[in-house]
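Everything below belongs to structure.cif, which stores mmCIF, C-alpha atoms.
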data_structure
loop_
_atom_site.label_atom_id
_atom_site.label_comp_id
_atom_site.auth_asym_id
_atom_site.auth_seq_id
_atom_site.Cartn_x
_atom_site.Cartn_y
_atom_site.Cartn_z
CA MET A 679 -46.61 28.43 -15.94
CA ASN A 680 -46.31 32.18 -15.32
CA ASN A 681 -48.74 33.96 -17.66
CA ASP A 682 -46.14 36.47 -18.88
CA ILE A 683 -43.61 33.73 -19.62
CA GLU A 684 -46.25 31.62 -21.34
CA LEU A 685 -47.20 34.56 -23.55
CA GLN A 686 -43.54 35.24 -24.43
CA ILE A 687 -42.94 31.59 -25.24
CA ASN A 688 -45.99 31.45 -27.49
CA LYS A 689 -44.90 34.61 -29.30
CA THR A 690 -41.46 33.10 -29.83
CA ILE A 691 -43.00 29.91 -31.23
CA ASN A 692 -45.09 31.98 -33.65
CA TRP A 693 -41.99 33.99 -34.60
CA LEU A 694 -40.15 30.77 -35.43
CA ARG A 695 -43.00 29.73 -37.72
CA GLU A 696 -42.93 33.12 -39.43
CA GLN A 697 -39.17 32.88 -40.07
CA VAL A 698 -39.53 29.48 -41.69
CA LYS A 699 -42.38 30.72 -43.86
CA LYS A 700 -40.42 33.81 -44.94
CA ALA A 701 -37.44 31.69 -45.90
CA GLY A 702 -39.52 29.19 -47.85
CA ALA A 703 -38.11 26.49 -45.59
CA ARG A 704 -39.80 23.39 -44.16
CA GLY A 705 -38.67 23.29 -40.56
CA LEU A 706 -35.92 23.84 -37.99
CA ILE A 707 -32.74 22.12 -36.78
CA VAL A 708 -30.58 22.69 -33.70
CA GLY A 709 -27.44 21.15 -32.26
CA VAL A 710 -28.17 19.70 -28.82
CA SER A 711 -25.14 19.94 -26.54
CA GLY A 712 -26.63 18.87 -23.22
CA GLY A 713 -26.56 22.47 -21.95
CA ILE A 714 -29.52 24.60 -20.95
CA ASP A 715 -29.52 27.03 -23.91
CA SER A 716 -29.69 24.33 -26.58
CA ALA A 717 -32.23 22.45 -24.45
CA LEU A 718 -34.53 25.47 -24.39
CA VAL A 719 -34.20 25.98 -28.14
CA CYS A 720 -34.86 22.28 -28.72
CA PHE A 721 -38.15 22.53 -26.80
CA LEU A 722 -39.14 25.68 -28.68
CA ILE A 723 -38.54 24.32 -32.17
CA LYS A 724 -40.37 21.09 -31.35
CA LYS A 725 -43.41 23.14 -30.29
CA ALA A 726 -43.15 25.30 -33.41
CA PHE A 727 -42.78 22.36 -35.81
CA PRO A 728 -43.79 19.08 -34.17
CA ALA A 729 -43.23 17.06 -37.36
CA ASN A 730 -40.47 19.14 -38.97
CA SER A 731 -37.88 19.76 -36.29
CA LEU A 732 -34.64 17.96 -35.60
CA GLY A 733 -32.19 17.89 -32.72
CA VAL A 734 -28.66 16.79 -33.59
CA ILE A 735 -26.14 15.45 -31.09
CA LEU A 736 -22.60 16.05 -32.34
CA PRO A 737 -20.00 14.43 -30.08
CA CYS A 738 -16.45 15.56 -30.80
CA ASP A 739 -14.15 13.87 -28.33
CA SER A 740 -16.85 14.92 -25.86
CA TYR A 741 -17.63 13.91 -22.30
CA PRO A 742 -20.11 11.02 -21.99
CA GLN A 743 -22.31 12.98 -19.56
CA ASP A 744 -22.91 15.69 -22.16
CA ARG A 745 -24.33 13.07 -24.51
CA GLU A 746 -26.51 11.64 -21.74
CA ASP A 747 -27.85 15.11 -20.92
CA ALA A 748 -28.52 15.77 -24.61
CA LEU A 749 -30.42 12.49 -24.88
CA SER A 750 -32.48 13.40 -21.82
CA VAL A 751 -33.49 16.65 -23.56
CA ILE A 752 -34.38 14.77 -26.75
CA LYS A 753 -36.52 12.34 -24.79
CA ALA A 754 -38.20 15.02 -22.68
CA CYS A 755 -39.42 17.06 -25.66
CA ASN A 756 -39.89 14.01 -27.93
CA ILE A 757 -38.12 15.59 -30.89
CA ASN A 758 -36.71 13.62 -33.81
CA TYR A 759 -32.95 13.41 -33.55
CA ALA A 760 -29.73 12.33 -35.25
CA GLU A 761 -26.30 11.68 -33.79
CA ILE A 762 -23.07 12.14 -35.74
CA ASP A 763 -19.71 11.66 -34.05
CA LEU A 764 -17.12 14.12 -35.36
CA THR A 765 -14.18 12.97 -33.25
CA GLU A 766 -12.31 11.28 -36.11
CA GLU A 767 -12.68 14.28 -38.44
CA HIS A 768 -11.62 16.70 -35.73
CA ASN A 769 -8.54 14.69 -34.75
CA SER A 770 -7.56 14.26 -38.38
CA ILE A 771 -7.65 17.98 -39.14
CA MET A 772 -5.82 18.99 -35.95
CA SER A 773 -3.17 16.36 -36.58
CA LYS A 774 -2.55 17.66 -40.10
CA VAL A 775 -2.44 21.28 -38.91
CA LYS A 776 0.09 20.53 -36.15
CA LYS A 777 2.21 18.45 -38.50
CA GLU A 778 2.36 21.21 -41.12
CA LEU A 779 2.98 24.25 -38.92
CA ASP A 780 6.19 25.47 -37.37
CA ASN A 781 6.48 24.03 -33.86
CA LYS A 782 7.47 27.46 -32.56
CA GLU A 783 3.89 28.63 -33.11
CA LEU A 784 2.26 25.67 -31.35
CA ASN A 785 2.02 26.96 -27.81
CA LYS A 786 -0.40 25.22 -25.45
CA GLU A 787 -2.92 28.06 -25.15
CA SER A 788 -3.23 28.79 -28.87
CA LEU A 789 -3.62 25.08 -29.61
CA LYS A 790 -6.40 24.80 -27.03
CA ILE A 791 -8.34 27.69 -28.56
CA SER A 792 -7.80 26.42 -32.11
CA ASP A 793 -8.95 22.96 -31.08
CA ALA A 794 -12.10 24.31 -29.41
CA ASN A 795 -13.05 26.56 -32.31
CA LEU A 796 -12.55 23.75 -34.82
CA ARG A 797 -15.05 21.63 -32.92
CA ALA A 798 -17.65 24.40 -33.11
CA ARG A 799 -17.02 24.92 -36.83
CA LEU A 800 -17.23 21.22 -37.65
CA ARG A 801 -20.56 21.09 -35.84
CA MET A 802 -21.81 24.10 -37.79
CA SER A 803 -20.83 22.55 -41.11
CA THR A 804 -22.52 19.29 -40.18
CA LEU A 805 -25.74 21.04 -39.13
CA TYR A 806 -25.87 22.91 -42.44
CA SER A 807 -25.23 19.70 -44.37
CA ILE A 808 -28.33 18.21 -42.78
CA ALA A 809 -30.32 21.45 -42.98
CA ASN A 810 -29.68 21.69 -46.73
CA ILE A 811 -31.00 18.17 -47.25
CA TYR A 812 -34.22 18.84 -45.33
CA ASN A 813 -34.59 22.52 -46.25
CA TYR A 814 -34.53 23.47 -42.56
CA LEU A 815 -33.23 26.65 -40.95
CA VAL A 816 -30.33 26.28 -38.51
CA VAL A 817 -31.36 27.69 -35.15
CA GLY A 818 -28.80 29.31 -32.84
CA THR A 819 -28.70 29.00 -29.07
CA ASP A 820 -26.93 32.19 -27.97
CA ASN A 821 -28.62 34.22 -25.25
CA ALA A 822 -28.35 37.97 -24.63
CA ALA A 823 -25.37 37.71 -22.29
CA GLU A 824 -23.35 35.55 -24.69
CA LEU A 825 -24.14 37.75 -27.65
CA PHE A 826 -23.20 40.97 -25.88
CA ILE A 827 -19.77 39.74 -24.79
CA GLY A 828 -19.17 37.69 -27.95
CA TYR A 829 -18.99 34.36 -26.17
CA PHE A 830 -19.39 32.18 -29.24
CA THR A 831 -17.21 30.92 -32.07
CA LYS A 832 -17.26 32.99 -35.24
CA TYR A 833 -18.55 30.75 -38.05
CA GLY A 834 -19.05 28.04 -35.43
CA ASP A 835 -21.97 28.17 -33.01
CA GLY A 836 -22.33 31.77 -34.23
CA GLY A 837 -22.99 30.48 -37.76
CA VAL A 838 -26.78 30.15 -37.77
CA ASP A 839 -29.88 31.41 -39.56
CA ILE A 840 -31.99 32.64 -36.65
CA LEU A 841 -31.57 33.36 -32.92
CA PRO A 842 -34.81 32.89 -30.95
CA ILE A 843 -33.41 33.47 -27.43
CA ALA A 844 -31.05 36.33 -28.28
CA ASN A 845 -33.04 38.75 -26.10
CA LEU A 846 -33.18 36.50 -23.03
CA THR A 847 -30.76 36.99 -20.16
CA LYS A 848 -29.28 33.81 -18.72
CA ARG A 849 -31.67 33.97 -15.78
CA GLN A 850 -34.60 34.23 -18.17
CA VAL A 851 -33.30 31.15 -19.97
CA TYR A 852 -33.62 29.31 -16.66
CA GLN A 853 -37.11 30.72 -16.07
CA TRP A 854 -38.35 29.60 -19.49
CA SER A 855 -36.66 26.23 -19.09
CA THR A 856 -38.37 25.67 -15.75
CA ALA A 857 -41.72 26.57 -17.31
CA LEU A 858 -41.20 24.10 -20.16
CA GLY A 859 -40.07 21.22 -17.96
CA ILE A 860 -36.46 20.84 -19.09
CA PRO A 861 -34.73 17.97 -17.20
CA GLU A 862 -33.23 18.87 -13.83
CA SER A 863 -29.89 17.29 -14.76
CA VAL A 864 -29.53 19.96 -17.44
CA MET A 865 -30.89 22.76 -15.27
CA ASN A 866 -28.47 22.01 -12.44
CA LYS A 867 -25.20 21.59 -14.34
CA ALA A 868 -22.67 24.43 -14.53
CA PRO A 869 -22.86 26.21 -17.91
CA SER A 870 -20.11 24.83 -20.11
CA ALA A 871 -19.28 24.55 -23.79
CA GLY A 872 -17.63 21.21 -23.00
CA LEU A 873 -14.55 22.15 -24.99
CA TRP A 874 -11.90 20.82 -22.60
CA GLU A 875 -11.75 19.03 -19.29
CA GLY A 876 -13.13 21.09 -16.43
CA GLN A 877 -14.09 24.00 -18.69
CA THR A 878 -16.92 26.22 -17.46
CA ASP A 879 -18.30 29.31 -19.18
CA GLU A 880 -17.98 31.65 -16.21
CA GLU A 881 -14.40 30.68 -15.39
CA GLU A 882 -13.35 31.15 -19.00
CA ILE A 883 -15.19 34.48 -19.36
CA GLY A 884 -13.91 35.77 -16.03
CA ILE A 885 -17.28 37.00 -14.77
CA SER A 886 -20.57 35.44 -13.72
CA TYR A 887 -23.70 35.37 -15.87
CA ASP A 888 -25.55 37.04 -12.98
CA LYS A 889 -23.30 40.09 -13.24
CA ILE A 890 -23.65 40.25 -17.03
CA ASP A 891 -27.44 39.94 -16.67
CA ASP A 892 -27.43 42.71 -14.05
CA PHE A 893 -25.48 44.92 -16.44
CA LEU A 894 -27.89 44.24 -19.30
CA GLU A 895 -30.84 44.97 -17.02
CA GLY A 896 -29.34 48.28 -15.88
CA LYS A 897 -28.67 47.13 -12.32
CA LYS A 898 -25.71 48.31 -10.28
CA ILE A 899 -22.46 46.34 -10.54
CA SER A 900 -18.86 47.28 -9.83
CA GLN A 901 -16.89 49.53 -12.15
CA GLN A 902 -14.35 46.74 -12.55
CA ASP A 903 -17.08 44.39 -13.82
CA ILE A 904 -18.48 47.06 -16.14
CA LYS A 905 -15.01 47.61 -17.59
CA LEU A 906 -14.54 43.90 -18.26
CA ILE A 907 -17.98 43.51 -19.89
CA LEU A 908 -17.44 46.53 -22.14
CA GLU A 909 -13.95 45.33 -23.11
CA LEU A 910 -15.34 41.92 -24.07
CA HIS A 911 -18.11 43.60 -26.05
CA SER A 912 -15.71 45.89 -27.89
CA LYS A 913 -13.13 43.31 -28.91
CA THR A 914 -15.79 40.87 -30.17
CA GLU A 915 -17.69 43.44 -32.25
CA HIS A 916 -16.47 41.77 -35.44
CA LYS A 917 -18.36 38.59 -34.47
CA ARG A 918 -21.70 40.38 -34.51
CA ASN A 919 -21.20 42.01 -37.91
CA THR A 920 -20.73 40.92 -41.48
CA PRO A 921 -17.08 41.02 -42.67
CA THR A 922 -15.56 44.47 -43.02
CA THR A 923 -15.08 45.48 -46.64
CA CYS A 924 -12.46 47.77 -48.05
CA PRO A 925 -13.97 51.03 -49.35
CA LYS A 926 -13.68 52.11 -52.97
CA PHE A 927 -10.71 54.39 -53.66
#

Whole structure given in structure tokens:
Amino acid sequence: MNNDIELQINKTINWLREQVKKAGARGLIVGVSGGIDSALVCFLIKKAFPANSLGVILPCDSYPQDREDALSVIKACNINYAEIDLTEEHNSIMSKVKKELDNKELNKESLKISDANLRARLRMSTLYSIANIYNYLVVGTDNAAELFIGYFTKYGDGGVDILPIANLTKRQVYQWSTALGIPESVMNKAPSAGLWEGQTDEEEIGISYDKIDDFLEGKKISQQDIKLILELHSKTEHKRNTPTTCPKF
């Protein structure tokens, strides 16, 4: 393992322990999706709290391979885990919403986004239900690129207590993951939230993680790419802040 990366990983593990102590909590919990970001966080929390960490697999009409990849992460880092299928709850809510609303408002694109965000929010609620029982902190998996452009669901995967990899670019996530021995099946898959068939992060965002990382590192990219990144950052500002309050009059 690269000495600098090893030092950074150890500092992050110590930081995780400090956050739990400050909160008067007992340990840490993370949702394990089968993607690289949650895999890295899973490894980190297991190292921070070998006996008081939990990975949770939360299928929600998900692809079988995502579950297999999540299980490979669980096995590789030997973390305690739970699995709760949310498909029935998700389908029930969406069915009731579609039944109640005016059909004129149910266009294909808005339904797809609503469906995807509901999955993320059901997972968040489930994680907190477990976290409350164990007195664990919910650990987020967003990296620096995702946070900057707001690529997360408000009150979904963005609803967490702490963010240990928030300062890592996507390429650093891969570097740390390599150092920690995360399974190759997870390392090699295209980044995806698994929210609909064929969905990939970069196609949905409209720009590659490499370009976002270059921007964050101050490297040269095209003006067109800079414009897109800054537009994404601006319109998702509300996701990174507490709710706006009306001033006193």

So that I can see what lies close to Val775 in chain A, please list as a count of residues only the residues with an atom at most 12 Å from it, counting all atoms listed in the file and leaving out residues fewer than 3 positions away in the same chain. 15

Counting only C-alpha atoms, which residue out of A:Gly818, A:Pro742, A:Gly828, A:Gly709 sits closest to Glu915 in chain A?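 Of A:Gly818, A:Pro742, A:Gly828, A:Gly709, the one nearest Glu915 in chain A, counting only C-alpha atoms, is A:Gly828.
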
Answer key for the PyMOL selection byres ((chain A and resi 854-864) around 8), residues as a list in words: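 That expression, the PyMOL selection byres ((chain A and resi 854-864) around 8), corresponds here to Met679, Asn680, Ile683, Glu684, Ile687, Gly712, Gly713, Ile714, Ala717, Leu718, Phe721, Asp747, Ser750, Val751, Ala754, Gln850, Val851, Tyr852, Gln853, Met865, Asn866 and Lys867 of chain A.
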
Taking all atoms listed in the file into account, name the residue in A:Ala809, A:Val710, A:Ile757, A:Val719 that is nearest to Ala844 in chain A. A:Val719

Between A:Asn821, A:Ser711, A:Asn688, A:Thr923, which residue has the minimum interatomic distance to Cys738 in chain A, considering all atoms listed in the file?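 The closest residue to Cys738 in chain A is A:Ser711.
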
Convert the output of the PyMOL selection byres ((chain A and resi 842) around 8) on the shown file into explicit residues, formatted as a ChimeraX atom specification. /A:690,694,719,817-819,840-841,843-845

Please report the interatomic distance between CA of Glu909 in chain A and CA of Tyr833 in chain A in Å with one decimal.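 That distance, rounded to one decimal, is 21.4 Å.
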
Could you state the separation of CA of Lys753 in chain A and CA of Ala868 in chain A in Å, given to one decimal place?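 For CA of Lys753 in chain A relative to CA of Ala868 in chain A, the distance reads 21.1 Å.
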
I'd like the neighbourhood of Thr804 in chain A as JSON, numbers by chain, where a residue qualifies if any of its atoms comes within 12 Å (using all atoms listed in the file), though same-chain residues fewer than 4 positions away should be ignored. {"A": [707, 708, 709, 734, 735, 736, 737, 738, 760, 761, 762, 763, 764, 767, 797, 798, 799, 800, 808, 809, 810, 811, 816, 834, 835, 837, 838]}

A:Gly836, A:Lys786, A:Asp739, A:Ile791 ranked by distance to Glu766 in chain A, top pick (using all atoms listed in the file): A:Asp739

At a cut-off of 8 Å, using all atoms listed in the file, what residues contact Ala823 in chain A? Leave out same-chain residues fewer than 5 positions from it and give the result as a list in words.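 Residues meeting the cut-off are Leu846, Thr847, Lys848, Tyr887, Ile890, Asp891 and Leu894 of chain A.
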
Any idea what the distance is between CA of Asn758 in chain A and CA of Ser803 in chain A? 19.6 Å

Of the listed residues A:Asp879, A:Tyr829, A:Tyr741, A:Phe893, that which approaches Lys913 in chain A most closely, counting all atoms listed in the file: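 Residue with the minimum atom-to-atom distance to Lys913 in chain A: A:Tyr829.
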
Pick from A:Leu815, A:Val698, A:Ala703, A:Ala794: nearest to Asp839 in chain A, with all atoms listed in the file counted? A:Leu815

Mind giving me the axis-aligned box for range 856-860 of chain A with 6 Å on every side, centre plus edges in Å to one decimal, as lines of an AutoDock Vina configuration file?
center_x = -39.1
center_y = 23.7
center_z = -18.0
size_x = 17.3
size_y = 17.7
size_z = 16.4

Carefully work through the PyMOL selection byres ((chain A and resi 727) around 10) for this structure and note down the residues it includes, as a VMD selection string. chain A and resid 691 694 to 695 698 704 to 706 722 to 726 728 to 732 757

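Near Gln902 in chain A, within 12 Å and counting all atoms listed in the file, sit Gly884, Ile885, Lys889, Phe893, Lys898, Ile899, Lys905, Leu906, Ile907, Leu908 and Glu909 of chain A, not including residues fewer than 3 positions from it in the same chain.
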